[in-house]
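Asker: Got a file for you: protein.tsv, TSV, C-alpha atoms.
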```
chain	number	residue	atom	x	y	z
A	208	MET	CA	0.00	0.00	0.00
A	209	ASN	CA	1.51	3.34	-1.01
A	210	SER	CA	1.67	6.28	1.38
A	211	GLN	CA	-0.94	8.32	-0.55
A	212	HIS	CA	-3.47	5.47	-0.41
A	213	TYR	CA	-2.70	4.95	3.29
A	214	ALA	CA	-3.24	8.68	4.01
A	215	VAL	CA	-6.62	8.68	2.21
A	216	ARG	CA	-7.68	5.52	4.03
A	217	SER	CA	-6.57	6.97	7.41
A	218	THR	CA	-8.48	10.17	6.73
A	219	CYS	CA	-11.63	8.22	5.78
A	220	THR	CA	-11.31	6.08	8.91
A	221	ALA	CA	-10.90	9.18	11.08
A	222	LEU	CA	-13.95	10.83	9.48
A	223	LEU	CA	-16.01	7.69	9.94
A	224	LEU	CA	-14.95	7.44	13.58
A	225	PHE	CA	-15.84	11.13	14.12
A	226	ALA	CA	-19.26	10.60	12.51
A	227	CYS	CA	-19.90	7.57	14.75
A	228	LEU	CA	-18.93	9.50	17.87
A	229	ALA	CA	-21.12	12.42	16.86
A	230	SER	CA	-24.12	10.13	16.32
A	231	LEU	CA	-23.48	8.39	19.65
A	232	SER	CA	-23.43	11.81	21.30
A	233	VAL	CA	-26.84	12.60	19.78
A	234	VAL	CA	-28.25	9.27	20.97
A	235	ALA	CA	-26.75	9.79	24.43
A	236	SER	CA	-28.30	13.26	24.61
A	237	ALA	CA	-31.69	11.83	23.72
A	238	THR	CA	-31.51	9.04	26.29
A	239	THR	CA	-29.93	10.99	29.13
A	240	GLY	CA	-32.16	14.02	28.74
A	241	GLU	CA	-29.43	16.51	27.93
A	242	ARG	CA	-30.89	19.70	26.58
A	243	PRO	CA	-29.76	22.61	24.44
A	244	ALA	CA	-28.04	25.37	26.37
A	245	THR	CA	-31.15	27.52	25.88
A	246	CYS	CA	-33.11	25.63	28.58
A	247	ALA	CA	-32.15	26.94	32.00
A	248	THR	CA	-32.43	24.95	35.21
A	249	ARG	CA	-32.06	28.04	37.43
A	250	GLY	CA	-32.90	31.69	37.20
A	251	PRO	CA	-35.69	33.59	35.43
A	252	ALA	CA	-35.76	31.27	32.38
A	253	SER	CA	-36.16	28.07	34.45
A	254	PRO	CA	-39.50	26.21	34.66
A	255	GLY	CA	-40.20	27.23	38.27
A	256	GLU	CA	-39.64	30.93	37.67
A	257	LEU	CA	-41.52	30.81	34.37
A	258	HIS	CA	-44.45	29.21	36.22
A	259	ARG	CA	-44.45	32.14	38.70
A	260	GLU	CA	-44.35	34.58	35.77
A	261	TRP	CA	-47.20	32.68	34.11
A	262	ILE	CA	-49.57	33.43	37.00
A	263	LEU	CA	-48.23	36.65	38.54
A	264	VAL	CA	-47.61	38.50	35.26
A	265	GLY	CA	-49.40	36.70	32.44
A	266	TRP	CA	-52.82	36.30	34.05
A	267	GLU	CA	-52.70	39.50	36.10
A	268	LYS	CA	-55.02	42.35	35.09
A	269	HIS	CA	-55.38	45.79	36.67
A	270	ARG	CA	-58.03	48.44	36.15
A	271	GLY	CA	-57.27	50.49	33.07
A	272	ASP	CA	-55.22	47.76	31.39
A	273	SER	CA	-55.70	47.35	27.66
A	274	PRO	CA	-57.91	44.47	26.48
A	275	PHE	CA	-56.46	41.07	27.33
A	276	ASP	CA	-54.19	39.82	24.55
A	277	PHE	CA	-53.23	36.21	25.26
A	278	ARG	CA	-50.42	36.03	22.73
A	279	GLN	CA	-48.86	39.27	23.93
A	280	ARG	CA	-49.15	38.41	27.66
A	281	LEU	CA	-48.53	34.66	27.64
A	282	GLY	CA	-47.55	33.68	24.11
A	283	HIS	CA	-43.83	33.37	24.87
A	284	LEU	CA	-44.58	30.66	27.45
A	285	TYR	CA	-46.59	28.27	25.24
A	286	HIS	CA	-45.56	25.87	22.46
A	287	TRP	CA	-47.49	27.13	19.43
A	288	ASN	CA	-46.34	24.45	16.95
A	289	SER	CA	-46.62	21.21	18.90
A	290	ASP	CA	-49.17	18.45	18.32
A	291	ASP	CA	-48.63	17.36	21.94
A	292	VAL	CA	-50.33	20.38	23.55
A	293	ARG	CA	-53.17	19.54	25.99
A	294	LEU	CA	-54.49	22.36	28.20
A	295	TYR	CA	-57.30	22.14	30.78
A	296	ASP	CA	-58.70	24.29	33.60
A	297	THR	CA	-61.74	23.41	35.74
A	298	PHE	CA	-62.59	27.15	35.85
A	299	ASP	CA	-63.75	26.86	32.24
A	300	PRO	CA	-67.55	26.28	32.56
A	301	GLN	CA	-67.49	24.04	29.47
A	302	HIS	CA	-64.51	21.98	30.69
A	303	ARG	CA	-62.85	21.99	27.28
A	304	VAL	CA	-59.45	20.48	26.55
A	305	ALA	CA	-57.46	22.72	24.21
A	306	ARG	CA	-55.10	20.98	21.82
A	307	SER	CA	-53.21	24.11	20.79
A	308	ALA	CA	-52.16	27.43	22.27
A	309	ASP	CA	-54.42	29.13	19.69
A	310	GLU	CA	-57.42	27.18	20.97
A	311	TRP	CA	-56.50	28.02	24.58
A	312	ALA	CA	-56.25	31.71	23.71
A	313	SER	CA	-59.71	31.60	22.11
A	314	ILE	CA	-61.20	30.14	25.32
A	315	TRP	CA	-59.78	32.76	27.70
A	316	THR	CA	-59.48	36.02	25.72
A	317	GLU	CA	-63.11	37.15	26.04
A	318	PRO	CA	-63.63	36.27	29.74
A	319	PHE	CA	-60.38	37.97	30.75
A	320	THR	CA	-61.10	41.02	28.60
A	321	THR	CA	-64.44	41.53	30.38
A	322	LEU	CA	-62.90	41.33	33.87
A	323	ARG	CA	-62.15	44.62	35.63
A	324	GLU	CA	-59.32	43.05	37.59
A	325	ALA	CA	-57.52	39.76	38.14
A	326	ARG	CA	-55.05	39.68	41.02
A	327	HIS	CA	-53.05	36.67	42.15
A	328	SER	CA	-50.83	35.38	44.94
A	329	VAL	CA	-48.66	32.26	44.98
A	330	LEU	CA	-49.49	30.19	48.07
A	331	ASP	CA	-47.22	27.17	47.59
A	332	GLY	CA	-44.42	26.28	45.19
A	333	PRO	CA	-43.35	26.19	42.54
A	334	ASP	CA	-42.09	22.63	42.87
A	335	VAL	CA	-40.17	21.37	39.84
A	336	ILE	CA	-39.17	17.93	38.58
A	337	ASP	CA	-36.45	18.30	35.96
A	338	GLY	CA	-36.62	15.52	33.40
A	339	GLY	CA	-34.16	16.93	30.88
A	340	THR	CA	-36.11	17.54	27.69
A	341	LEU	CA	-39.36	17.72	29.66
A	342	SER	CA	-39.86	19.31	33.08
A	343	ALA	CA	-42.93	19.53	35.30
A	344	SER	CA	-43.81	22.30	37.73
A	345	THR	CA	-46.67	22.67	40.20
A	346	LEU	CA	-47.84	25.55	42.33
A	347	GLU	CA	-50.87	26.67	44.28
A	348	PHE	CA	-52.23	30.16	43.75
A	349	ALA	CA	-55.17	32.32	44.78
A	350	ALA	CA	-57.05	34.58	42.39
A	351	ARG	CA	-59.24	37.58	43.22
A	352	LEU	CA	-61.34	38.33	40.15
A	353	GLU	CA	-63.59	41.36	39.78
A	354	THR	CA	-66.26	41.09	37.10
A	355	SER	CA	-67.53	43.97	34.97
A	356	ALA	CA	-70.55	44.11	37.32
A	357	GLY	CA	-68.29	44.56	40.35
A	358	GLU	CA	-68.76	41.04	41.74
A	359	ILE	CA	-65.71	39.59	43.47
A	360	ILE	CA	-64.94	35.92	42.75
A	361	GLY	CA	-62.27	34.29	44.85
A	362	ASN	CA	-60.61	31.01	44.13
A	363	ARG	CA	-57.72	28.84	45.16
A	364	ALA	CA	-56.16	26.69	42.49
A	365	ARG	CA	-53.47	24.08	42.06
A	366	THR	CA	-51.83	24.03	38.67
A	367	SER	CA	-49.44	21.65	36.98
A	368	LEU	CA	-47.49	22.56	33.87
A	369	VAL	CA	-45.30	20.37	31.67
A	370	TRP	CA	-42.53	22.25	29.86
A	371	GLU	CA	-40.75	21.05	26.72
A	372	CYS	CA	-37.20	22.18	26.08
A	373	THR	CA	-37.07	23.83	22.63
A	374	PRO	CA	-34.36	25.84	20.87
A	375	ALA	CA	-36.24	28.94	22.11
A	376	GLY	CA	-36.29	27.73	25.72
A	377	TRP	CA	-38.97	26.09	27.87
A	378	LYS	CA	-42.51	26.02	26.41
A	379	ILE	CA	-45.76	24.77	27.95
A	380	VAL	CA	-47.20	21.63	26.33
A	381	ARG	CA	-49.44	20.44	29.17
A	382	GLU	CA	-51.53	22.40	31.65
A	383	HIS	CA	-53.97	21.22	34.30
A	384	THR	CA	-55.55	23.60	36.80
A	385	SER	CA	-58.06	22.58	39.46
A	386	VAL	CA	-60.00	25.46	41.02
A	387	ARG	CA	-61.94	25.74	44.29
A	388	ILE	CA	-64.17	28.79	44.86
A	389	VAL	CA	-63.61	30.50	48.24
A	390	SER	CA	-65.51	33.14	50.21
A	391	ARG	CA	-65.09	36.89	49.79
A	392	GLU	CA	-63.61	37.08	53.31
A	393	GLU	CA	-61.02	34.41	52.53
A	394	ILE	CA	-59.92	35.88	49.22
A	395	ASP	CA	-59.68	39.40	50.70
A	396	THR	CA	-57.28	37.97	53.29
A	397	ILE	CA	-55.19	36.00	50.80
A	398	VAL	CA	-55.14	38.53	47.94
A	399	PRO	CA	-55.84	41.93	49.48
A	400	HIS	CA	-56.90	44.72	47.15
A	401	PRO	CA	-54.20	47.44	46.94
A	402	ASP	CA	-56.76	50.10	47.99
A	403	LYS	CA	-57.37	48.37	51.32
```
Just give me the structure as structure tokens.

Answerer:
Amino acid sequence: MNSQHYAVRSTCTALLLFACLASLSVVASATTGERPATCATRGPASPGELHREWILVGWEKHRGDSPFDFRQRLGHLYHWNSDDVRLYDTFDPQHRVARSADEWASIWTEPFTTLREARHSVLDGPDVIDGGTLSASTLEFAARLETSAGEIIGNRARTSLVWECTPAGWKIVREHTSVRIVSREEIDTIVPHPDK
């Protein structure tokens, strides 16, 4: 075997070995749950902190706010292109299961637009299980809702979110919220109005 043929063969072997190692790395990432660097485990872009933002910023509404725009307020938190989205909240009188973020937005835009106010407090959590490419977070919150007629509706809710790691960071693909209505006295204690 001449030296030129040996050099070509060595180069091909090295390239083949590199390709095998690269593919093994991809398989290992898939099986061990490694994620792209865009998915944080700590800090404001982590599932727990995003869950707090979801309730304390996204669903919050104050008097004088512009009409509720789901995509503007919460759009960055949801996976808009996944077929795996399933979203449910017992507070929906029709108990629908949304299979897309668009469908979820269509359920909640009108009711939240008609509210005068929606104020929230986190009571417990968030608690997070980090599964690598998927993470789950749970928290309990209280909501003080004021209708357009001035009626105060208080509730306590426990919510569970499943987050998928995407190149753009964590995105919600599953949501389940169970709501319990509470008295006016209880909600005024848990979520006091700023004027009080």

Asker: Contacts of Gly357 in chain A at 10 Å or less, counting all atoms listed in the file, minus same-chain residues fewer than 2 places along, as a short mmCIF file (atom, residue, chain, number, x, y, z; two decimals) with C-alpha atoms, in the frame of the given file?

Answerer:
```
data_model
loop_
_atom_site.label_atom_id
_atom_site.label_comp_id
_atom_site.auth_asym_id
_atom_site.auth_seq_id
_atom_site.Cartn_x
_atom_site.Cartn_y
_atom_site.Cartn_z
CA LEU A 322 -62.90 41.33 33.87
CA ARG A 323 -62.15 44.62 35.63
CA GLU A 324 -59.32 43.05 37.59
CA LEU A 352 -61.34 38.33 40.15
CA GLU A 353 -63.59 41.36 39.78
CA THR A 354 -66.26 41.09 37.10
CA SER A 355 -67.53 43.97 34.97
CA ILE A 359 -65.71 39.59 43.47
CA ILE A 360 -64.94 35.92 42.75
#
```

Asker: In Å, how far is it from CA of Cys246 in chain A to CA of Gly265 in chain A?

Answerer: 20.1 Å

Asker: Which residue, A:Ala247, A:Ala350, A:Ala305, A:Ile314, has the smallest gap to Trp266 in chain A when you use all atoms listed in the file?

Answerer: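 For Trp266 in chain A, the nearest of the given residues is A:Ala350.
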
Asker: Could the residues of range 282-352 of chain A that have an atom at most 8 Å from range 361-384 of chain A be listed as a tab-separated table, each with its closest atom pair and the distance in Å to one decimal, counting only C-alpha atoms and ordered by chain and ascending residue number?

Answerer:
```
residue	atom	partner	partner_atom	distance
A:His283	CA	A:Lys378	CA	7.6
A:Leu284	CA	A:Lys378	CA	5.2
A:Tyr285	CA	A:Ile379	CA	4.5
A:His286	CA	A:Lys378	CA	5.0
A:Ser289	CA	A:Val380	CA	7.5
A:Asp291	CA	A:Val380	CA	6.3
A:Val292	CA	A:Val380	CA	4.4
A:Arg293	CA	A:Arg381	CA	5.0
A:Leu294	CA	A:Glu382	CA	4.5
A:Tyr295	CA	A:His383	CA	4.9
A:Asp296	CA	A:Thr384	CA	4.5
A:Thr297	CA	A:Thr384	CA	6.3
A:Phe298	CA	A:Thr384	CA	7.9
A:Gly339	CA	A:Cys372	CA	7.7
A:Thr340	CA	A:Cys372	CA	5.0
A:Leu341	CA	A:Glu371	CA	4.7
A:Ser342	CA	A:Trp370	CA	5.1
A:Ala343	CA	A:Val369	CA	4.4
A:Ser344	CA	A:Leu368	CA	5.3
A:Thr345	CA	A:Ser367	CA	4.4
A:Leu346	CA	A:Thr366	CA	5.6
A:Glu347	CA	A:Arg365	CA	4.3
A:Phe348	CA	A:Ala364	CA	5.4
A:Ala349	CA	A:Arg363	CA	4.3
A:Ala350	CA	A:Asn362	CA	5.3
A:Arg351	CA	A:Gly361	CA	4.8
A:Leu352	CA	A:Gly361	CA	6.3
```

Asker: As an exercise, work out the distance from CA of Ser328 in chain A to CA of His302 in chain A in Å and give it to one decimal place.

Answerer: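 Separation of CA of Ser328 in chain A and CA of His302 in chain A: 23.9 Å.
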